[in-house]
$ cat query.cif   # mmCIF, C-alpha atoms
data_final
loop_
_atom_site.group_PDB
_atom_site.id
_atom_site.type_symbol
_atom_site.label_atom_id
_atom_site.label_comp_id
_atom_site.auth_asym_id
_atom_site.auth_seq_id
_atom_site.Cartn_x
_atom_site.Cartn_y
_atom_site.Cartn_z
ATOM 1 C CA MET A 1 59.723 48.896 -196.428
ATOM 2 C CA PRO A 2 61.019 47.177 -199.590
ATOM 3 C CA PHE A 3 64.383 45.478 -199.715
ATOM 4 C CA ASP A 4 67.423 47.691 -199.464
ATOM 5 C CA PRO A 5 68.411 48.340 -203.126
ATOM 6 C CA GLN A 6 71.823 46.755 -202.643
ATOM 7 C CA PHE A 7 70.263 43.697 -201.067
ATOM 8 C CA GLN A 8 67.652 43.567 -203.838
ATOM 9 C CA ALA A 9 70.479 43.214 -206.359
ATOM 10 C CA LEU A 10 71.915 40.273 -204.402
ATOM 11 C CA TYR A 11 68.474 38.700 -204.177
ATOM 12 C CA ASP A 12 67.858 39.061 -207.897
ATOM 13 C CA GLN A 13 71.228 37.496 -208.642
ATOM 14 C CA ARG A 14 70.491 34.513 -206.444
ATOM 15 C CA ALA A 15 67.049 34.089 -208.008
ATOM 16 C CA ALA A 16 68.576 34.145 -211.500
ATOM 17 C CA GLN A 17 71.120 31.517 -210.466
ATOM 18 C CA GLY A 18 68.444 29.236 -209.040
ATOM 19 C CA GLY A 19 69.870 29.166 -205.524
ATOM 20 C CA ARG A 20 68.873 26.175 -203.386
ATOM 21 C CA PRO A 21 67.965 26.394 -199.701
ATOM 22 C CA LEU A 22 70.717 25.059 -197.469
ATOM 23 C CA TYR A 23 68.229 22.732 -195.773
ATOM 24 C CA SER A 24 67.670 20.963 -199.111
ATOM 25 C CA MET A 25 71.362 20.016 -199.386
ATOM 26 C CA THR A 26 73.440 17.338 -197.766
ATOM 27 C CA LEU A 27 75.295 18.478 -194.667
ATOM 28 C CA GLU A 28 78.589 18.556 -196.558
ATOM 29 C CA GLU A 29 77.069 20.573 -199.403
ATOM 30 C CA ALA A 30 75.388 23.016 -197.033
ATOM 31 C CA ARG A 31 78.575 23.658 -195.084
ATOM 32 C CA ALA A 32 80.547 24.326 -198.248
ATOM 33 C CA ALA A 33 77.817 26.518 -199.783
ATOM 34 C CA ASP A 34 77.374 28.548 -196.607
ATOM 35 C CA LEU A 35 81.072 29.355 -196.328
ATOM 36 C CA ALA A 36 81.354 30.177 -200.038
ATOM 37 C CA ALA A 37 78.400 32.572 -199.885
ATOM 38 C CA ILE A 38 79.698 34.335 -196.787
ATOM 39 C CA GLN A 39 83.186 34.749 -198.218
ATOM 40 C CA ALA A 40 81.795 36.031 -201.530
ATOM 41 C CA ASP A 41 79.823 38.824 -199.830
ATOM 42 C CA ALA A 42 82.290 39.677 -197.078
ATOM 43 C CA GLY A 43 84.682 41.627 -199.282
ATOM 44 C CA GLU A 44 88.445 41.676 -199.007
ATOM 45 C CA PRO A 45 89.419 40.720 -195.443
ATOM 46 C CA GLU A 46 91.014 43.609 -193.579
ATOM 47 C CA PRO A 47 94.654 43.197 -192.626
ATOM 48 C CA VAL A 48 95.397 43.109 -188.909
ATOM 49 C CA ALA A 49 98.732 43.290 -187.158
ATOM 50 C CA GLU A 50 98.805 39.608 -186.246
ATOM 51 C CA VAL A 51 96.710 36.465 -186.672
ATOM 52 C CA LEU A 52 97.460 33.358 -184.651
ATOM 53 C CA ASP A 53 95.797 29.954 -185.017
ATOM 54 C CA THR A 54 96.148 27.648 -182.043
ATOM 55 C CA THR A 55 94.164 25.267 -179.857
ATOM 56 C CA VAL A 56 93.010 25.472 -176.261
ATOM 57 C CA PRO A 57 91.686 22.788 -173.919
ATOM 58 C CA GLY A 58 88.021 22.012 -174.401
ATOM 59 C CA PRO A 59 85.519 19.768 -172.638
ATOM 60 C CA ASP A 60 85.961 17.028 -175.261
ATOM 61 C CA GLY A 61 89.454 17.670 -176.587
ATOM 62 C CA PRO A 62 91.333 20.619 -178.074
ATOM 63 C CA LEU A 63 89.325 23.546 -179.460
ATOM 64 C CA PRO A 64 90.645 25.576 -182.394
ATOM 65 C CA ILE A 65 90.806 29.310 -181.821
ATOM 66 C CA ARG A 66 92.037 32.219 -183.901
ATOM 67 C CA VAL A 67 93.466 35.320 -182.242
ATOM 68 C CA TYR A 68 93.370 38.661 -184.085
ATOM 69 C CA ARG A 69 95.559 41.466 -182.801
ATOM 70 C CA PRO A 70 95.082 44.981 -184.204
ATOM 71 C CA ALA A 71 97.875 47.510 -184.611
ATOM 72 C CA ALA A 72 97.296 49.124 -181.231
ATOM 73 C CA GLU A 73 99.154 49.464 -177.973
ATOM 74 C CA GLY A 74 98.211 47.011 -175.240
ATOM 75 C CA PRO A 75 97.007 45.794 -172.953
ATOM 76 C CA LEU A 76 93.981 45.490 -175.215
ATOM 77 C CA PRO A 77 90.361 44.764 -174.348
ATOM 78 C CA VAL A 78 89.214 41.323 -175.469
ATOM 79 C CA LEU A 79 86.293 40.187 -177.611
ATOM 80 C CA VAL A 80 85.441 36.474 -177.718
ATOM 81 C CA TYR A 81 83.449 35.818 -180.908
ATOM 82 C CA PHE A 82 81.194 32.883 -181.810
ATOM 83 C CA PHE A 83 80.395 32.345 -185.513
ATOM 84 C CA GLY A 84 76.905 31.755 -186.896
ATOM 85 C CA GLY A 85 75.513 28.836 -188.868
ATOM 86 C CA GLY A 86 72.602 27.390 -186.923
ATOM 87 C CA TRP A 87 74.947 25.371 -184.692
ATOM 88 C CA THR A 88 75.249 23.168 -187.803
ATOM 89 C CA LEU A 89 77.324 25.110 -190.319
ATOM 90 C CA GLY A 90 80.299 27.397 -189.967
ATOM 91 C CA SER A 91 83.812 27.489 -188.638
ATOM 92 C CA ILE A 92 86.432 30.015 -187.626
ATOM 93 C CA GLU A 93 86.646 30.910 -191.332
ATOM 94 C CA THR A 94 82.974 31.943 -191.299
ATOM 95 C CA SER A 95 83.602 34.864 -188.961
ATOM 96 C CA ASP A 96 87.093 35.771 -190.220
ATOM 97 C CA ALA A 97 86.102 39.008 -191.944
ATOM 98 C CA ILE A 98 83.899 40.133 -189.037
ATOM 99 C CA CYS A 99 86.613 39.436 -186.475
ATOM 100 C CA ARG A 100 89.191 41.366 -188.487
ATOM 101 C CA SER A 101 86.859 44.352 -188.842
ATOM 102 C CA LEU A 102 85.890 44.423 -185.175
ATOM 103 C CA ALA A 103 89.477 43.976 -184.005
ATOM 104 C CA ASN A 104 90.531 47.008 -186.017
ATOM 105 C CA ALA A 105 87.504 49.234 -185.458
ATOM 106 C CA ALA A 106 87.075 48.487 -181.747
ATOM 107 C CA GLY A 107 90.790 48.257 -181.019
ATOM 108 C CA CYS A 108 90.402 44.913 -179.285
ATOM 109 C CA LEU A 109 92.110 41.562 -179.242
ATOM 110 C CA THR A 110 89.528 39.317 -180.881
ATOM 111 C CA ILE A 111 89.320 35.567 -180.353
ATOM 112 C CA ALA A 112 87.178 33.311 -182.555
ATOM 113 C CA VAL A 113 86.246 30.008 -180.920
ATOM 114 C CA GLY A 114 85.828 26.898 -183.101
ATOM 115 C CA TYR A 115 83.074 25.080 -181.220
ATOM 116 C CA ARG A 116 81.711 21.628 -182.071
ATOM 117 C CA LEU A 117 78.859 21.449 -184.576
ATOM 118 C CA ALA A 118 75.529 19.646 -184.681
ATOM 119 C CA PRO A 119 74.128 17.195 -185.548
ATOM 120 C CA GLU A 120 77.335 15.339 -184.722
ATOM 121 C CA HIS A 121 77.459 17.116 -181.354
ATOM 122 C CA LYS A 122 74.095 18.045 -179.875
ATOM 123 C CA PHE A 123 73.217 20.708 -177.295
ATOM 124 C CA PRO A 124 74.902 21.605 -174.968
ATOM 125 C CA ALA A 125 78.224 20.796 -176.685
ATOM 126 C CA ALA A 126 78.469 24.192 -178.408
ATOM 127 C CA VAL A 127 77.656 26.055 -175.181
ATOM 128 C CA ASP A 128 80.244 24.012 -173.291
ATOM 129 C CA ASP A 129 82.913 24.793 -175.895
ATOM 130 C CA CYS A 130 82.129 28.501 -176.091
ATOM 131 C CA TYR A 131 82.200 28.844 -172.331
ATOM 132 C CA ALA A 132 85.501 26.973 -172.237
ATOM 133 C CA GLY A 133 86.825 29.556 -174.710
ATOM 134 C CA VAL A 134 85.762 32.395 -172.421
ATOM 135 C CA LEU A 135 87.338 30.768 -169.363
ATOM 136 C CA TRP A 136 90.555 30.235 -171.293
ATOM 137 C CA ALA A 137 90.552 33.869 -172.406
ATOM 138 C CA ALA A 138 90.027 35.092 -168.858
ATOM 139 C CA GLU A 139 93.083 33.173 -167.728
ATOM 140 C CA HIS A 140 95.474 33.356 -170.661
ATOM 141 C CA VAL A 141 94.956 36.385 -172.928
ATOM 142 C CA GLY A 142 97.525 38.365 -170.997
ATOM 143 C CA ARG A 143 100.221 36.481 -172.874
ATOM 144 C CA TYR A 144 98.803 37.907 -176.132
ATOM 145 C CA GLY A 145 98.554 41.445 -174.829
ATOM 146 C CA GLY A 146 94.947 41.198 -173.700
ATOM 147 C CA ASP A 147 93.421 42.843 -170.634
ATOM 148 C CA THR A 148 91.601 40.181 -168.614
ATOM 149 C CA SER A 149 89.513 42.819 -166.833
ATOM 150 C CA ARG A 150 87.844 43.883 -170.111
ATOM 151 C CA ILE A 151 86.326 40.838 -171.820
ATOM 152 C CA ALA A 152 83.172 40.898 -173.951
ATOM 153 C CA VAL A 153 81.361 38.162 -175.866
ATOM 154 C CA ALA A 154 79.704 38.397 -179.262
ATOM 155 C CA GLY A 155 78.193 36.350 -182.044
ATOM 156 C CA ASP A 156 75.815 36.391 -184.970
ATOM 157 C CA SER A 157 72.765 34.135 -185.389
ATOM 158 C CA ALA A 158 73.498 30.874 -183.553
ATOM 159 C CA GLY A 159 76.666 32.602 -182.370
ATOM 160 C CA GLY A 160 74.470 35.281 -180.815
ATOM 161 C CA ASN A 161 72.446 32.565 -179.125
ATOM 162 C CA LEU A 162 75.680 31.074 -177.770
ATOM 163 C CA ALA A 163 76.934 34.452 -176.565
ATOM 164 C CA ALA A 164 73.679 35.003 -174.664
ATOM 165 C CA ALA A 165 73.853 31.487 -173.220
ATOM 166 C CA VAL A 166 77.444 32.008 -172.127
ATOM 167 C CA THR A 167 76.525 35.143 -170.187
ATOM 168 C CA LEU A 168 73.782 33.258 -168.344
ATOM 169 C CA ARG A 169 76.045 30.329 -167.554
ATOM 170 C CA ASN A 170 78.878 32.620 -166.533
ATOM 171 C CA ARG A 171 76.661 34.608 -164.163
ATOM 172 C CA ASP A 172 75.308 31.481 -162.504
ATOM 173 C CA ALA A 173 78.799 29.993 -162.185
ATOM 174 C CA ASP A 174 80.178 33.244 -160.731
ATOM 175 C CA GLY A 175 82.657 33.292 -163.594
ATOM 176 C CA PRO A 176 84.953 36.053 -164.810
ATOM 177 C CA ALA A 177 83.486 39.530 -165.209
ATOM 178 C CA LEU A 178 82.173 40.223 -168.706
ATOM 179 C CA VAL A 179 81.779 43.862 -169.692
ATOM 180 C CA ALA A 180 79.453 43.457 -172.693
ATOM 181 C CA GLN A 181 77.519 41.155 -174.982
ATOM 182 C CA LEU A 182 77.002 41.843 -178.689
ATOM 183 C CA LEU A 183 74.087 39.782 -180.030
ATOM 184 C CA VAL A 184 73.477 39.934 -183.780
ATOM 185 C CA TYR A 185 70.068 38.538 -184.794
ATOM 186 C CA PRO A 186 70.248 35.813 -182.127
ATOM 187 C CA ASN A 187 67.992 32.783 -181.746
ATOM 188 C CA THR A 188 66.496 33.180 -178.280
ATOM 189 C CA ASP A 189 63.449 30.900 -178.096
ATOM 190 C CA TYR A 190 62.950 27.407 -179.484
ATOM 191 C CA LEU A 191 59.177 27.796 -179.082
ATOM 192 C CA ALA A 192 58.971 31.278 -180.620
ATOM 193 C CA ASP A 193 55.552 32.005 -182.092
ATOM 194 C CA THR A 194 56.078 35.443 -183.581
ATOM 195 C CA ASP A 195 55.000 37.554 -186.513
ATOM 196 C CA SER A 196 58.509 37.509 -187.939
ATOM 197 C CA ARG A 197 58.610 33.706 -187.898
ATOM 198 C CA ARG A 198 55.283 33.555 -189.754
ATOM 199 C CA GLU A 199 56.073 36.322 -192.245
ATOM 200 C CA ASN A 200 59.498 35.199 -193.475
ATOM 201 C CA THR A 201 58.986 32.115 -195.623
ATOM 202 C CA ASP A 202 60.839 32.978 -198.862
ATOM 203 C CA PRO A 203 62.829 29.843 -199.869
ATOM 204 C CA LEU A 204 65.584 32.013 -201.349
ATOM 205 C CA LEU A 205 66.253 33.495 -197.909
ATOM 206 C CA PHE A 206 66.836 32.314 -194.384
ATOM 207 C CA ASN A 207 63.259 31.464 -193.422
ATOM 208 C CA ASP A 208 61.073 29.735 -190.866
ATOM 209 C CA LYS A 209 61.843 26.314 -192.355
ATOM 210 C CA SER A 210 65.555 27.089 -191.990
ATOM 211 C CA VAL A 211 65.024 27.861 -188.317
ATOM 212 C CA HIS A 212 63.289 24.510 -187.724
ATOM 213 C CA TRP A 213 66.025 22.638 -189.607
ATOM 214 C CA TYR A 214 68.749 24.131 -187.458
ATOM 215 C CA TRP A 215 66.894 23.477 -184.199
ATOM 216 C CA ASP A 216 66.258 19.869 -185.273
ATOM 217 C CA ASN A 217 69.964 19.420 -185.889
ATOM 218 C CA TYR A 218 70.971 21.036 -182.592
ATOM 219 C CA LEU A 219 68.608 19.429 -180.101
ATOM 220 C CA ALA A 220 68.538 15.808 -178.995
ATOM 221 C CA THR A 221 65.030 16.230 -177.557
ATOM 222 C CA ALA A 222 62.315 18.868 -177.627
ATOM 223 C CA GLU A 223 62.711 19.180 -173.866
ATOM 224 C CA ASP A 224 66.256 20.465 -174.417
ATOM 225 C CA GLY A 225 64.804 23.330 -176.436
ATOM 226 C CA VAL A 226 63.272 25.015 -173.390
ATOM 227 C CA HIS A 227 66.499 24.878 -171.389
ATOM 228 C CA PRO A 228 67.653 28.474 -170.794
ATOM 229 C CA LEU A 229 71.069 27.735 -172.319
ATOM 230 C CA ALA A 230 69.285 26.718 -175.539
ATOM 231 C CA SER A 231 66.526 29.342 -175.329
ATOM 232 C CA PRO A 232 67.936 32.290 -173.353
ATOM 233 C CA LEU A 233 64.597 34.118 -173.480
ATOM 234 C CA ARG A 234 63.185 31.349 -171.264
ATOM 235 C CA ALA A 235 65.657 31.911 -168.437
ATOM 236 C CA ALA A 236 63.891 32.678 -165.163
ATOM 237 C CA ASP A 237 66.204 35.575 -164.349
ATOM 238 C CA HIS A 238 68.046 37.973 -166.663
ATOM 239 C CA SER A 239 69.370 40.332 -164.029
ATOM 240 C CA GLY A 240 73.086 40.835 -163.508
ATOM 241 C CA LEU A 241 74.000 40.179 -167.131
ATOM 242 C CA PRO A 242 76.471 42.315 -169.093
ATOM 243 C CA PRO A 243 75.343 45.410 -171.022
ATOM 244 C CA ALA A 244 74.091 44.438 -174.469
ATOM 245 C CA LEU A 245 73.801 45.643 -178.032
ATOM 246 C CA VAL A 246 71.191 43.616 -179.923
ATOM 247 C CA ILE A 247 71.128 43.975 -183.709
ATOM 248 C CA THR A 248 68.169 42.690 -185.738
ATOM 249 C CA ALA A 249 67.096 42.765 -189.385
ATOM 250 C CA GLU A 250 63.673 43.661 -190.762
ATOM 251 C CA TYR A 251 63.268 40.594 -192.972
ATOM 252 C CA ASP A 252 64.403 37.920 -190.543
ATOM 253 C CA PRO A 253 62.346 35.165 -188.900
ATOM 254 C CA LEU A 254 64.437 35.720 -185.748
ATOM 255 C CA ARG A 255 63.738 39.471 -185.614
ATOM 256 C CA ASP A 256 61.008 39.454 -182.999
ATOM 257 C CA GLU A 257 62.637 37.020 -180.577
ATOM 258 C CA GLY A 258 65.865 39.020 -180.721
ATOM 259 C CA GLU A 259 63.968 42.199 -179.900
ATOM 260 C CA GLN A 260 61.993 40.407 -177.189
ATOM 261 C CA TYR A 261 65.280 39.356 -175.626
ATOM 262 C CA ALA A 262 66.520 42.943 -175.663
ATOM 263 C CA GLU A 263 63.324 44.026 -173.933
ATOM 264 C CA ARG A 264 63.609 41.233 -171.363
ATOM 265 C CA LEU A 265 67.154 42.344 -170.535
ATOM 266 C CA ARG A 266 65.978 45.948 -170.236
ATOM 267 C CA GLU A 267 63.133 44.959 -167.906
ATOM 268 C CA SER A 268 65.696 43.105 -165.775
ATOM 269 C CA GLY A 269 67.827 46.200 -165.283
ATOM 270 C CA VAL A 270 70.474 45.419 -167.907
ATOM 271 C CA ALA A 271 71.703 48.340 -170.014
ATOM 272 C CA VAL A 272 70.592 47.573 -173.592
ATOM 273 C CA GLU A 273 70.782 49.161 -177.011
ATOM 274 C CA SER A 274 68.596 47.537 -179.647
ATOM 275 C CA VAL A 275 68.679 48.499 -183.305
ATOM 276 C CA ARG A 276 66.755 47.068 -186.257
ATOM 277 C CA TYR A 277 68.215 47.496 -189.736
ATOM 278 C CA PRO A 278 65.474 48.067 -192.320
ATOM 279 C CA GLY A 279 65.316 46.497 -195.749
ATOM 280 C CA VAL A 280 67.768 43.671 -195.045
ATOM 281 C CA THR A 281 67.591 40.031 -194.060
ATOM 282 C CA HIS A 282 69.182 37.585 -191.703
ATOM 283 C CA GLY A 283 72.858 37.272 -192.570
ATOM 284 C CA PHE A 284 73.369 40.888 -193.621
ATOM 285 C CA PHE A 285 75.988 41.481 -190.903
ATOM 286 C CA THR A 286 78.456 39.279 -192.798
ATOM 287 C CA MET A 287 77.967 41.125 -196.125
ATOM 288 C CA ALA A 288 80.261 44.122 -195.691
ATOM 289 C CA GLY A 289 81.656 43.630 -199.190
ATOM 290 C CA ALA A 290 78.220 44.158 -200.714
ATOM 291 C CA LEU A 291 75.999 46.131 -198.347
ATOM 292 C CA ASP A 292 76.374 49.592 -196.841
ATOM 293 C CA ALA A 293 73.950 48.409 -194.141
ATOM 294 C CA SER A 294 76.437 45.748 -193.102
ATOM 295 C CA ARG A 295 79.238 48.292 -192.867
ATOM 296 C CA ARG A 296 77.016 50.572 -190.781
ATOM 297 C CA ALA A 297 76.120 47.717 -188.451
ATOM 298 C CA LEU A 298 79.763 46.745 -188.013
ATOM 299 C CA ALA A 299 80.624 50.363 -187.243
ATOM 300 C CA ARG A 300 77.766 50.538 -184.721
ATOM 301 C CA ALA A 301 78.954 47.327 -183.070
ATOM 302 C CA ALA A 302 82.539 48.571 -182.910
ATOM 303 C CA GLY A 303 81.424 51.900 -181.451
ATOM 304 C CA HIS A 304 79.417 50.123 -178.774
ATOM 305 C CA LEU A 305 82.412 47.964 -177.893
ATOM 306 C CA ARG A 306 84.745 50.963 -177.725
ATOM 307 C CA THR A 307 82.342 52.646 -175.323
ATOM 308 C CA VAL A 308 81.938 49.699 -172.960
ATOM 309 C CA PHE A 309 85.653 48.901 -173.069
ATOM 310 C CA ALA A 310 86.410 52.495 -172.067
ATOM 311 C CA THR A 311 83.916 52.420 -169.177
ATOM 312 C CA ASP A 312 84.605 51.005 -165.736
ATOM 313 C CA THR A 313 81.816 48.452 -166.075
ATOM 314 C CA THR A 314 81.378 45.220 -164.191
ATOM 315 C CA GLY A 315 79.191 42.391 -165.422
ATOM 316 C CA ALA A 316 78.413 38.833 -164.543
#

$ encode --input "query.cif" --output "structure tokens"
Amino acid sequence: MPFDPQFQALYDQRAAQGGRPLYSMTLEEARAADLAAIQADAGEPEPVAEVLDTTVPGPDGPLPIRVYRPAAEGPLPVLVYFFGGGWTLGSIETSDAICRSLANAAGCLTIAVGYRLAPEHKFPAAVDDCYAGVLWAAEHVGRYGGDTSRIAVAGDSAGGNLAAAVTLRNRDADGPALVAQLLVYPNTDYLADTDSRRENTDPLLFNDKSVHWYWDNYLATAEDGVHPLASPLRAADHSGLPPALVITAEYDPLRDEGEQYAERLRESGVAVESVRYPGVTHGFFTMAGALDASRRALARAAGHLRTVFATDTTGA
């Protein structure tokens, strides 16, 4: 189908302004432009009852985290969120609006983890940091009113990749029980050879060249790309992972590999919901200030989380 009319207006505006691909910028320029674009389309951040910025121990020094507490009675279920940005861009600020919305709509204590970025810190630094954030949450969120028996992980784009990787690592390490994973247009396969990768080449949008740029920044070697914690689709075993909601977008080079991952989970006996949003592109989940589709996706994600948090579910 054609672009969603609201997205078409955003596209036309960017075309008129002569927008440059992030991969054509310096790293500093790309990081600033990415955050500015996300904040411009996110809308007014929702108020929550409390926001706390602090640090927690990480594998290579303190990790910044931000804790969002909604106006709800505890103990609250917990969502650990990993921002997007191709492992290269982004920060806790990138996912601020999403975390506020999910905290309120799902009634959960939400924790954003500020993991190390590439190319300064190559794979598996981001996975190590995100997993450290989950382990910290499992041990310490009680002091913030969180329920350590109801922890889920989530992320968009590279954050979705990291959430999937964390569930695999956590299962294999016999880590704390996770009740759900929310994966929003995740990267799942470094070697993906899919229709959606070939079809989405528009330089004004996140495209196949973008995907290669991010992978090149993230990986030290091509061999690292086939590691299951880099490419979760390539894991030998997907059984015993937490129930999942996988959200994809029609015009996204990562669409097919995200949907393939959902199918792989389903084949492995994992409870999965998979939903594709038509007429929109990669990144739409962060555009709640501009797109009804984004608001619908956030509501769907929050509803899924409410359901799994209310269910006596055990994960890996």

$ residues_around --input "query.cif" --residues "A:Tyr251" --least-positions-apart "3" --cutoff "8 Å" --atoms "only C-alpha atoms" --output "list in words"
Ser196, Asn200, Arg255, Pro278, Gly279, Val280, Thr281 and His282 of chain A

$ residues_near_point --input "query.cif" --point "(75.3, 39.9, -195.2)" --cutoff "9 Å" --atoms "all atoms listed in the file" --output "ChimeraX atom specification"
/A:7,38,41-42,280-291,293-294

$ residues_around --input "query.cif" --residues "stretch 187-193 of chain A" --least-positions-apart "6" --cutoff "6 Å" --atoms "all atoms listed in the file" --output "PDB file with C-alpha atoms, in the frame of the given file"
ATOM      1  CA  ASN A 161      72.446  32.565-179.125  1.00  0.00           C
ATOM      2  CA  GLY A 225      64.804  23.330-176.436  1.00  0.00           C
ATOM      3  CA  SER A 231      66.526  29.342-175.329  1.00  0.00           C
ATOM      4  CA  PRO A 232      67.936  32.290-173.353  1.00  0.00           C
ATOM      5  CA  LEU A 233      64.597  34.118-173.480  1.00  0.00           C
ATOM      6  CA  GLU A 257      62.637  37.020-180.577  1.00  0.00           C
TER       7      GLU A 257
END

$ resolve_selection --input "query.cif" --expression "the PyMOL selection byres ((chain A and resi 67) around 12)" --output "short mmCIF file (atom, residue, chain, number, x, y, z; two decimals) with C-alpha atoms, keeping the file's coordinate frame"
data_model
loop_
_atom_site.label_atom_id
_atom_site.label_comp_id
_atom_site.auth_asym_id
_atom_site.auth_seq_id
_atom_site.Cartn_x
_atom_site.Cartn_y
_atom_site.Cartn_z
CA VAL A 48 95.40 43.11 -188.91
CA ALA A 49 98.73 43.29 -187.16
CA GLU A 50 98.80 39.61 -186.25
CA VAL A 51 96.71 36.47 -186.67
CA LEU A 52 97.46 33.36 -184.65
CA ASP A 53 95.80 29.95 -185.02
CA THR A 54 96.15 27.65 -182.04
CA THR A 55 94.16 25.27 -179.86
CA VAL A 56 93.01 25.47 -176.26
CA PRO A 64 90.64 25.58 -182.39
CA ILE A 65 90.81 29.31 -181.82
CA ARG A 66 92.04 32.22 -183.90
CA TYR A 68 93.37 38.66 -184.08
CA ARG A 69 95.56 41.47 -182.80
CA PRO A 70 95.08 44.98 -184.20
CA VAL A 78 89.21 41.32 -175.47
CA LEU A 79 86.29 40.19 -177.61
CA VAL A 80 85.44 36.47 -177.72
CA TYR A 81 83.45 35.82 -180.91
CA ILE A 92 86.43 30.02 -187.63
CA SER A 95 83.60 34.86 -188.96
CA ASP A 96 87.09 35.77 -190.22
CA CYS A 99 86.61 39.44 -186.48
CA ARG A 100 89.19 41.37 -188.49
CA ALA A 103 89.48 43.98 -184.00
CA CYS A 108 90.40 44.91 -179.28
CA LEU A 109 92.11 41.56 -179.24
CA THR A 110 89.53 39.32 -180.88
CA ILE A 111 89.32 35.57 -180.35
CA ALA A 112 87.18 33.31 -182.56
CA VAL A 113 86.25 30.01 -180.92
CA GLY A 114 85.83 26.90 -183.10
CA GLY A 133 86.82 29.56 -174.71
CA ALA A 137 90.55 33.87 -172.41
CA HIS A 140 95.47 33.36 -170.66
CA VAL A 141 94.96 36.38 -172.93
CA ARG A 143 100.22 36.48 -172.87
CA TYR A 144 98.80 37.91 -176.13
CA GLY A 145 98.55 41.44 -174.83
CA GLY A 146 94.95 41.20 -173.70
#

$ atom_distance --input "query.cif" --atom1 "atom CA of A:Ser149" --atom2 "atom CA of A:Val246"
22.5 Å

$ atom_distance --input "query.cif" --atom1 "atom CA of A:Pro203" --atom2 "atom CA of A:Pro21"
6.2 Å

$ residues_around --input "query.cif" --residues "A:Pro57" --least-positions-apart "4" --cutoff "10 Å" --atoms "all atoms listed in the file" --output "count of residues only"
8

$ closest_residue --input "query.cif" --among "A:Ser101, A:Phe3, A:Leu135, A:Pro176" --to "A:Arg296" --atoms "all atoms listed in the file"
A:Ser101

$ build_atoms --input "query.cif" --residues "stretch 20-30 of chain A" --atoms "N, CA, C and O atoms" --output "PDB file, in the coordinates of the input"
ATOM      1  N   ARG A  20      69.596  27.181-204.161  1.00  0.00           N
ATOM      2  CA  ARG A  20      68.873  26.175-203.386  1.00  0.00           C
ATOM      3  C   ARG A  20      68.959  26.484-201.894  1.00  0.00           C
ATOM      4  O   ARG A  20      70.000  26.935-201.413  1.00  0.00           O
ATOM      5  N   PRO A  21      67.889  26.228-201.157  1.00  0.00           N
ATOM      6  CA  PRO A  21      67.965  26.394-199.701  1.00  0.00           C
ATOM      7  C   PRO A  21      69.001  25.446-199.110  1.00  0.00           C
ATOM      8  O   PRO A  21      69.141  24.300-199.559  1.00  0.00           O
ATOM      9  N   LEU A  22      69.704  25.904-198.099  1.00  0.00           N
ATOM     10  CA  LEU A  22      70.717  25.059-197.469  1.00  0.00           C
ATOM     11  C   LEU A  22      70.097  23.794-196.892  1.00  0.00           C
ATOM     12  O   LEU A  22      70.713  22.723-196.908  1.00  0.00           O
ATOM     13  N   TYR A  23      68.858  23.900-196.386  1.00  0.00           N
ATOM     14  CA  TYR A  23      68.229  22.732-195.773  1.00  0.00           C
ATOM     15  C   TYR A  23      67.847  21.657-196.789  1.00  0.00           C
ATOM     16  O   TYR A  23      67.473  20.548-196.399  1.00  0.00           O
ATOM     17  N   SER A  24      67.945  21.968-198.081  1.00  0.00           N
ATOM     18  CA  SER A  24      67.670  20.963-199.111  1.00  0.00           C
ATOM     19  C   SER A  24      68.930  20.225-199.547  1.00  0.00           C
ATOM     20  O   SER A  24      68.862  19.315-200.377  1.00  0.00           O
ATOM     21  N   MET A  25      70.076  20.600-199.008  1.00  0.00           N
ATOM     22  CA  MET A  25      71.362  20.016-199.386  1.00  0.00           C
ATOM     23  C   MET A  25      71.793  18.973-198.367  1.00  0.00           C
ATOM     24  O   MET A  25      71.255  18.880-197.261  1.00  0.00           O
ATOM     25  N   THR A  26      72.789  18.179-198.758  1.00  0.00           N
ATOM     26  CA  THR A  26      73.440  17.338-197.766  1.00  0.00           C
ATOM     27  C   THR A  26      74.208  18.245-196.805  1.00  0.00           C
ATOM     28  O   THR A  26      74.493  19.417-197.108  1.00  0.00           O
ATOM     29  N   LEU A  27      74.561  17.691-195.669  1.00  0.00           N
ATOM     30  CA  LEU A  27      75.295  18.478-194.667  1.00  0.00           C
ATOM     31  C   LEU A  27      76.610  18.995-195.248  1.00  0.00           C
ATOM     32  O   LEU A  27      76.974  20.169-195.069  1.00  0.00           O
ATOM     33  N   GLU A  28      77.315  18.149-195.960  1.00  0.00           N
ATOM     34  CA  GLU A  28      78.589  18.556-196.558  1.00  0.00           C
ATOM     35  C   GLU A  28      78.389  19.671-197.572  1.00  0.00           C
ATOM     36  O   GLU A  28      79.144  20.653-197.599  1.00  0.00           O
ATOM     37  N   GLU A  29      77.357  19.532-198.411  1.00  0.00           N
ATOM     38  CA  GLU A  29      77.069  20.573-199.403  1.00  0.00           C
ATOM     39  C   GLU A  29      76.687  21.883-198.728  1.00  0.00           C
ATOM     40  O   GLU A  29      77.134  22.963-199.142  1.00  0.00           O
ATOM     41  N   ALA A  30      75.851  21.799-197.708  1.00  0.00           N
ATOM     42  CA  ALA A  30      75.388  23.016-197.033  1.00  0.00           C
ATOM     43  C   ALA A  30      76.544  23.747-196.365  1.00  0.00           C
ATOM     44  O   ALA A  30      76.620  24.979-196.425  1.00  0.00           O
TER      45      ALA A  30
END
